[in-house]
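Trainee: I'd like to ask some things about the structure below.
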Number of protein chains: 2
Amino acid sequence: MTDLLLTGIGSLTTNDGPPIAGAVVAIADGIVTYAGKEGDAPSQGAGRRIDCEERAVIPGFVDAHTHLVFAGDRSDEFARRLSGEAYASIAAAGGGILSTVAATRSVPDEELFELARARALRMLAAGTTTLEVKSGYGLDLDTERRLLEVGRRLGEELPVTVKTTLLGAHAVPPEFATDREGYIDLLTEEMIPALCELADYCDVFVEQGVFEVEEARRIFTVAGRYGLRPRVHACQLSPGGGAKLAAELGAASADHLDHATSEDAAALAGADVAAVLLPGASYTLGGRHAPARMLWDAGCTVALATDCNPGTSYLEGMGLVISLAVVEMGLTPEEALWASTRGGALSLGLDDRGLLVPGARADIVVLDAPHPTHIPYRPATNLVWRVVSGGKVAVPD
Amino acid sequence: MTDLLLTGIGSLTTNDGPPIAGAVVAIADGIVTYAGKEGDAPSQGAGRRIDCEERAVIPGFVDAHTHLVFAGDRSDEFARRLSGEAYASIAAAGGGILSTVAATRSVPDEELFELARARALRMLAAGTTTLEVKSGYGLDLDTERRLLEVGRRLGEELPVTVKTTLLGAHAVPPEFATDREGYIDLLTEEMIPALCELADYCDVFVEQGVFEVEEARRIFTVAGRYGLRPRVHACQLSPGGGAKLAAELGAASADHLDHATSEDAAALAGADVAAVLLPGASYTLGGRHAPARMLWDAGCTVALATDCNPGTSYLEGMGLVISLAVVEMGLTPEEALWASTRGGALSLGLDDRGLLVPGARADIVVLDAPHPTHIPYRPATNLVWRVVSGGKVAVPD
């Protein structure tokens, strides 16, 4: 028995072959049972029908890199940085990641949840049905726990799937400013053991002046013993060893990669590490974009994500990310759409989504446009008309 | 008697002095009667109150350059151009402006209106309360008339103010491909005289290979006799005489200006010609952005607009435009906001809007954010919470 039937689809992107015109998608028990030509569809009753009136249908977006649990407001810092003020000066005046840490530590649980919930709902309204949520604005055991709990709770209470990542190694917190070894000890000896049940992955911001490769290796090695596979902030602001470390460790993903080399690309492709690209951060910071074309052509599994965070990429939806990937990074619209759906899913080990074939989870977006190329073509408009999450209509709810 | 009272405003941008915290705006008969500190507000009853709960309030956006009346779909052309195909090749294969002309000529009036209406409603939902609408996809007397009529009808039926511009000189239509003089004769001898009552302005696309400066001068001279002041597509794809012509003729605006020089800026400032900048087109085309900082510092009245059109800038809202102006063009968030409201209004000769002071038209946007800097800071989110147009709540309607 079909629960939901989408008919009159003008262009169906399955990520399993070319787009199909004149298509239908049938859903039962939250799973796609048919996705293809209307004429070939098995005849069956349906609990609910939605006539898509020639609109385009695509898999729900999988946003594989977000920092969406935070408090505080850094819009003023955004303006000051663009006016030329150096990050070091902003940080010295109380800005930067540590200002978000201070704000996040200070708000009650419920407020933290409500802030994150509002962001996740805006993402859902923009077509995101699966998202990764990192901690990293706590940097102490108690607050990191709260951030991961908020992430998990988002997945329980909203029609989105959430994967959580422990990013205790986002920065060294102020109380350890003169004792970074002490913080890494805390992370490896207390935080990872205590929080491994709340997290699916462990992440380290590998960058000059943040965490060195050898520090990251030490953290990831401990995390691995507790079942947390690495995701790595790598080669964002400068070239470095983050991508090669990710390949060496068989990480789930290496993220950012703005300064990745062809050697990095070969290493990632060879080790089957997904390349999660975050053009919103490059856009916001005025920095270089990741070599998406090169990474794709090297055989990497490329994913696109928002990097939603209050400092460097406050993007709450994938539309502008796809536009930037196409306009600024040289991916085709088809590649960018794949990277925003199937690529993200593969980077999170979720083989059941990011494609619309029988057996896939029914996470589906209907666009108010005849073709998905309208997403990069019309970057200022949220083109989402309906969102189906796990077989249920989630937008409008 | 106050018809509508906005209370609890966290940050009020009046464009007449610095932002005001803890503000209220009172409206009667579609006009602002008070905008300032809550404590200083005259005590008065109100027909309707909206508690803005610390949200930011700004003037409604004035989008002073759009081509939003068109039919057809050029998303495929967008993808082909980004994959490296030359515009000439695309045009030879039936793409480019003339493909929109063909599609636009072929659809019935009501369909053309519905397409434009849907776009205008998306713009309104993104905070635009005044927009300029150009013709230019008809290029014959009958279709140019239909385009202008659609523009005027949008202003009559929707809660937006519309100013219309006759852009018969957008391209030479195919039936005059070997007789451009004949087309300019048609424009000056028939179209301008017949359509001057439907238009507020006349525009010419002054560019190498499109219309030369001398041709534009001839067209504008005739238009002036019929009461149509110039708006000029100038210096978009290459340096040229468009900006200086605009200054010489005392045009209302020179638009694009991506290749404007410091001499152009001085001429525009000296002649009080508004500089209407269109970063969406530069973004979409991968071209250079207009020298916004230089134009501003030269004393030009700078306006920002979407350039909404199917070929080079399919943007249906000002948020991304403001973001691009701040991130890519060097305007501050305050300057970009001014240019998107007051700057646009001045470029259209509408002195009653783009600011929130007693006597101004009550075109107002309440943002779902505490400060308007969130507009460029969060470029993927439509932050509009409420729109008031002419004193009436238009969004949500």
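Note on naming: chains are A, B, ... as they come in the structure tokens, residues start from 1 per chain, ligands start from 1 in the order shown.
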Near Ile364 in chain A, counting only C-alpha atoms, which residues have an atom at most 7 Å away, once you skip same-chain residues fewer than 4 positions from it, shown as a count of residues only?
Mentor: 6
Trainee: As a short mmCIF file (atom, residue, chain, number, x, y, z; two decimals) with N, CA and C atoms, in the first residue's frame, please: every residue in range 59-239 of chain A that a backbone DSSP assignment puts in helix (DSSP H, G or I).
Mentor:
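Okay, this is what ended up in part-v3.cif:
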data_model
loop_
_atom_site.label_atom_id
_atom_site.label_comp_id
_atom_site.auth_asym_id
_atom_site.auth_seq_id
_atom_site.Cartn_x
_atom_site.Cartn_y
_atom_site.Cartn_z
N SER A 75 27.58 39.29 14.25
CA SER A 75 27.39 40.08 13.03
C SER A 75 28.28 41.32 13.03
N ASP A 76 28.52 41.86 14.21
CA ASP A 76 29.39 43.04 14.29
C ASP A 76 30.82 42.67 13.89
N GLU A 77 31.27 41.51 14.34
CA GLU A 77 32.60 41.03 13.97
C GLU A 77 32.71 40.84 12.45
N PHE A 78 31.63 40.32 11.86
CA PHE A 78 31.59 40.15 10.40
C PHE A 78 31.84 41.48 9.69
N ALA A 79 31.16 42.51 10.16
CA ALA A 79 31.31 43.83 9.55
C ALA A 79 32.71 44.39 9.78
N ARG A 80 33.24 44.18 10.98
CA ARG A 80 34.58 44.72 11.27
C ARG A 80 35.65 44.02 10.44
N ARG A 81 35.50 42.71 10.27
CA ARG A 81 36.52 41.99 9.49
C ARG A 81 36.49 42.46 8.05
N LEU A 82 35.30 42.69 7.51
CA LEU A 82 35.21 43.15 6.13
C LEU A 82 35.75 44.56 5.98
N TYR A 87 41.76 39.43 12.09
CA TYR A 87 41.15 38.47 13.00
C TYR A 87 41.83 38.50 14.36
N ALA A 88 43.16 38.66 14.36
CA ALA A 88 43.90 38.67 15.64
C ALA A 88 43.41 39.81 16.52
N SER A 89 43.18 40.97 15.90
CA SER A 89 42.69 42.13 16.66
C SER A 89 41.27 41.88 17.17
N ILE A 90 40.45 41.27 16.32
CA ILE A 90 39.07 40.95 16.73
C ILE A 90 39.09 39.95 17.88
N ALA A 91 39.94 38.93 17.76
CA ALA A 91 40.02 37.92 18.82
C ALA A 91 40.53 38.55 20.11
N ALA A 92 41.52 39.45 19.99
CA ALA A 92 42.06 40.10 21.19
C ALA A 92 41.00 40.94 21.88
N ILE A 97 36.12 32.59 17.66
CA ILE A 97 35.47 31.38 18.17
C ILE A 97 35.25 31.47 19.67
N LEU A 98 36.23 32.01 20.37
CA LEU A 98 36.11 32.00 21.84
C LEU A 98 34.97 32.90 22.34
N SER A 99 34.58 33.90 21.53
CA SER A 99 33.42 34.69 21.95
C SER A 99 32.15 33.85 21.85
N THR A 100 32.08 33.00 20.85
CA THR A 100 30.93 32.09 20.76
C THR A 100 30.97 31.06 21.89
N VAL A 101 32.17 30.62 22.24
CA VAL A 101 32.29 29.69 23.36
C VAL A 101 31.74 30.33 24.64
N ALA A 102 32.14 31.56 24.89
CA ALA A 102 31.68 32.24 26.11
C ALA A 102 30.16 32.39 26.09
N ALA A 103 29.61 32.80 24.95
CA ALA A 103 28.16 32.99 24.86
C ALA A 103 27.43 31.66 25.00
N THR A 104 27.97 30.63 24.40
CA THR A 104 27.30 29.32 24.41
C THR A 104 27.33 28.71 25.80
N ARG A 105 28.47 28.84 26.47
CA ARG A 105 28.55 28.30 27.83
C ARG A 105 27.53 28.95 28.76
N SER A 106 27.19 30.21 28.47
CA SER A 106 26.41 30.99 29.44
C SER A 106 24.90 30.83 29.31
N ASP A 109 20.16 25.38 28.82
CA ASP A 109 19.93 24.30 27.85
C ASP A 109 18.79 24.60 26.89
N GLU A 110 17.68 25.06 27.45
CA GLU A 110 16.49 25.21 26.61
C GLU A 110 16.69 26.30 25.57
N GLU A 111 17.36 27.37 25.97
CA GLU A 111 17.63 28.45 25.02
C GLU A 111 18.56 27.97 23.90
N LEU A 112 19.56 27.21 24.29
CA LEU A 112 20.49 26.66 23.30
C LEU A 112 19.73 25.77 22.31
N PHE A 113 18.84 24.97 22.83
CA PHE A 113 18.06 24.10 21.95
C PHE A 113 17.16 24.91 21.03
N GLU A 114 16.51 25.93 21.57
CA GLU A 114 15.59 26.71 20.75
C GLU A 114 16.32 27.43 19.62
N LEU A 115 17.51 27.96 19.92
CA LEU A 115 18.31 28.62 18.88
C LEU A 115 18.67 27.63 17.77
N ALA A 116 19.11 26.45 18.17
CA ALA A 116 19.50 25.43 17.17
C ALA A 116 18.28 24.92 16.41
N ARG A 117 17.19 24.76 17.13
CA ARG A 117 15.96 24.28 16.50
C ARG A 117 15.48 25.25 15.41
N ALA A 118 15.54 26.54 15.71
CA ALA A 118 15.10 27.52 14.71
C ALA A 118 15.98 27.43 13.46
N ARG A 119 17.27 27.26 13.67
CA ARG A 119 18.17 27.13 12.51
C ARG A 119 17.87 25.86 11.72
N ALA A 120 17.68 24.76 12.43
CA ALA A 120 17.40 23.49 11.74
C ALA A 120 16.09 23.56 10.98
N LEU A 121 15.12 24.26 11.53
CA LEU A 121 13.84 24.40 10.81
C LEU A 121 14.00 25.26 9.55
N ARG A 122 14.83 26.30 9.63
CA ARG A 122 15.09 27.08 8.42
C ARG A 122 15.81 26.22 7.37
N MET A 123 16.72 25.37 7.84
CA MET A 123 17.41 24.46 6.90
C MET A 123 16.42 23.49 6.27
N LEU A 124 15.54 22.95 7.09
CA LEU A 124 14.52 22.02 6.59
C LEU A 124 13.64 22.72 5.54
N ALA A 125 13.25 23.94 5.84
CA ALA A 125 12.42 24.70 4.89
C ALA A 125 13.18 24.95 3.59
N LEU A 141 33.93 19.67 29.32
CA LEU A 141 33.15 18.43 29.28
C LEU A 141 31.65 18.69 29.33
N ASP A 142 31.25 19.55 30.25
CA ASP A 142 29.82 19.76 30.44
C ASP A 142 29.18 20.41 29.23
N THR A 143 29.81 21.45 28.69
CA THR A 143 29.17 22.17 27.58
C THR A 143 29.25 21.36 26.29
N GLU A 144 30.33 20.66 26.07
CA GLU A 144 30.38 19.80 24.87
C GLU A 144 29.27 18.75 24.93
N ARG A 145 29.04 18.24 26.13
CA ARG A 145 27.95 17.28 26.28
C ARG A 145 26.60 17.92 25.93
N ARG A 146 26.41 19.14 26.41
CA ARG A 146 25.14 19.82 26.13
C ARG A 146 24.96 20.04 24.62
N LEU A 147 26.04 20.41 23.94
CA LEU A 147 25.93 20.64 22.50
C LEU A 147 25.56 19.35 21.76
N LEU A 148 26.20 18.27 22.14
CA LEU A 148 25.89 17.00 21.47
C LEU A 148 24.47 16.54 21.80
N GLU A 149 24.05 16.80 23.03
CA GLU A 149 22.68 16.45 23.39
C GLU A 149 21.66 17.27 22.59
N VAL A 150 21.97 18.54 22.39
CA VAL A 150 21.08 19.35 21.55
C VAL A 150 21.02 18.78 20.14
N GLY A 151 22.17 18.41 19.60
CA GLY A 151 22.20 17.81 18.26
C GLY A 151 21.34 16.57 18.19
N ARG A 152 21.52 15.68 19.13
CA ARG A 152 20.72 14.44 19.12
C ARG A 152 19.22 14.75 19.26
N ARG A 153 18.92 15.74 20.12
CA ARG A 153 17.52 16.06 20.35
C ARG A 153 16.87 16.66 19.09
N LEU A 154 17.65 17.40 18.33
CA LEU A 154 17.11 17.92 17.06
C LEU A 154 16.64 16.76 16.18
N GLY A 155 17.45 15.72 16.14
CA GLY A 155 17.10 14.56 15.32
C GLY A 155 15.88 13.81 15.84
N GLU A 156 15.69 13.88 17.16
CA GLU A 156 14.53 13.18 17.74
C GLU A 156 13.23 13.98 17.57
N GLU A 157 13.33 15.30 17.67
CA GLU A 157 12.11 16.11 17.69
C GLU A 157 11.72 16.71 16.34
N PRO A 174 40.09 29.23 26.78
CA PRO A 174 40.91 30.24 27.48
C PRO A 174 41.54 29.71 28.76
N GLU A 175 40.84 28.82 29.46
CA GLU A 175 41.40 28.34 30.72
C GLU A 175 42.62 27.45 30.51
N PHE A 176 42.85 27.05 29.27
CA PHE A 176 44.06 26.25 28.95
C PHE A 176 45.01 27.03 28.03
N ARG A 180 48.20 23.97 26.47
CA ARG A 180 47.47 23.24 25.45
C ARG A 180 47.60 21.74 25.61
N GLU A 181 48.75 21.28 26.11
CA GLU A 181 48.89 19.85 26.39
C GLU A 181 47.83 19.41 27.40
N GLY A 182 47.61 20.25 28.38
CA GLY A 182 46.60 19.93 29.40
C GLY A 182 45.22 19.80 28.79
N TYR A 183 44.94 20.64 27.78
CA TYR A 183 43.62 20.53 27.15
C TYR A 183 43.51 19.25 26.32
N ILE A 184 44.55 18.92 25.62
CA ILE A 184 44.52 17.67 24.82
C ILE A 184 44.39 16.47 25.76
N ASP A 185 45.04 16.55 26.92
CA ASP A 185 44.86 15.48 27.92
C ASP A 185 43.40 15.39 28.35
N LEU A 186 42.82 16.53 28.63
CA LEU A 186 41.41 16.54 29.04
C LEU A 186 40.53 15.90 27.95
N LEU A 187 40.81 16.30 26.72
CA LEU A 187 40.02 15.80 25.60
C LEU A 187 40.15 14.28 25.47
N THR A 188 41.38 13.81 25.51
CA THR A 188 41.60 12.37 25.25
C THR A 188 41.29 11.52 26.48
N GLU A 189 41.49 12.06 27.65
CA GLU A 189 41.32 11.23 28.85
C GLU A 189 39.92 11.33 29.45
N GLU A 190 39.27 12.48 29.25
CA GLU A 190 37.94 12.62 29.86
C GLU A 190 36.82 12.83 28.83
N MET A 191 37.01 13.81 27.95
CA MET A 191 35.88 14.16 27.08
C MET A 191 35.52 13.04 26.12
N ILE A 192 36.49 12.51 25.41
CA ILE A 192 36.16 11.45 24.44
C ILE A 192 35.55 10.24 25.14
N PRO A 193 36.15 9.74 26.22
CA PRO A 193 35.52 8.59 26.89
C PRO A 193 34.11 8.90 27.39
N ALA A 194 33.91 10.11 27.89
CA ALA A 194 32.61 10.43 28.47
C ALA A 194 31.54 10.70 27.42
N LEU A 195 31.96 11.19 26.25
CA LEU A 195 30.98 11.66 25.28
C LEU A 195 30.84 10.76 24.05
N VAL A 213 49.23 18.56 13.15
CA VAL A 213 48.94 17.21 12.66
C VAL A 213 49.20 16.17 13.74
N GLU A 214 50.32 16.30 14.45
CA GLU A 214 50.64 15.27 15.44
C GLU A 214 49.65 15.29 16.61
N GLU A 215 49.20 16.49 16.96
CA GLU A 215 48.17 16.58 18.01
C GLU A 215 46.87 15.92 17.53
N ALA A 216 46.54 16.18 16.28
CA ALA A 216 45.30 15.59 15.73
C ALA A 216 45.41 14.07 15.68
N ARG A 217 46.57 13.58 15.28
CA ARG A 217 46.75 12.14 15.21
C ARG A 217 46.51 11.51 16.59
N ARG A 218 47.05 12.17 17.62
CA ARG A 218 46.89 11.66 18.98
C ARG A 218 45.41 11.64 19.38
N ILE A 219 44.71 12.72 19.06
CA ILE A 219 43.28 12.81 19.42
C ILE A 219 42.47 11.76 18.64
N PHE A 220 42.71 11.68 17.34
CA PHE A 220 41.94 10.73 16.52
C PHE A 220 42.22 9.28 16.91
N THR A 221 43.45 9.02 17.34
CA THR A 221 43.79 7.64 17.73
C THR A 221 42.96 7.23 18.95
N VAL A 222 42.87 8.12 19.91
CA VAL A 222 42.04 7.83 21.09
C VAL A 222 40.57 7.72 20.67
N ALA A 223 40.12 8.67 19.86
CA ALA A 223 38.71 8.66 19.44
C ALA A 223 38.37 7.33 18.75
N GLY A 224 39.29 6.84 17.94
CA GLY A 224 39.06 5.58 17.25
C GLY A 224 38.84 4.43 18.21
N ARG A 225 39.54 4.45 19.33
CA ARG A 225 39.36 3.38 20.31
C ARG A 225 37.96 3.42 20.91
#
Trainee: Write out as a PyMOL selection string every residue belonging to chain B that has an atom at most 10 Å from any atom of chain A, counting only C-alpha atoms.
Mentor: chain B and resi 73-80+82-84+122-123+126+280+283-286+306+308-321+323-324+326-328+330-334+370-382
Trainee: In terms of the shortest atom-to-atom distance over only C-alpha atoms, which of B:Asp200, B:Glu53, B:Asp179, B:Glu263 is closest to Trp385 in chain B?
Mentor: B:Glu53
Trainee: From the options A:Leu12, A:Ala362, A:Leu337, A:Ala41, which residue's atoms come nearest to Val160 in chain A, counting only C-alpha atoms?
Mentor: A:Ala362
Trainee: Could you write out, as a PyMOL selection string, all the residues of range 184-397 of chain A that DSSP marks as strand (DSSP E)?
Mentor: chain A and resi 201-205+229-234+253-256+274-277+302-304+364-367+384-389+392-395
Trainee: Any idea what the distance is between CA of Ala298 in chain B and CA of Thr128 in chain B?
Mentor: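 These two atoms are separated by 27.4 Å.
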Trainee: Residues within 7 Å of range 341-347 of chain B, please, as JSON, numbers by chain. Count only C-alpha atoms; anything in the same chain fewer than 5 positions from it doesn't count.
Mentor: {"B": [59, 60, 61, 62, 63, 64, 252, 253, 274, 301, 302, 303, 304, 353, 354, 355]}
Trainee: Set the distance at 8 Å and use only C-alpha atoms: which residues neighbour Ala169 in chain A once local chain neighbours fewer than 2 positions away are removed? I'd like the list as a count of residues only.
Mentor: 11
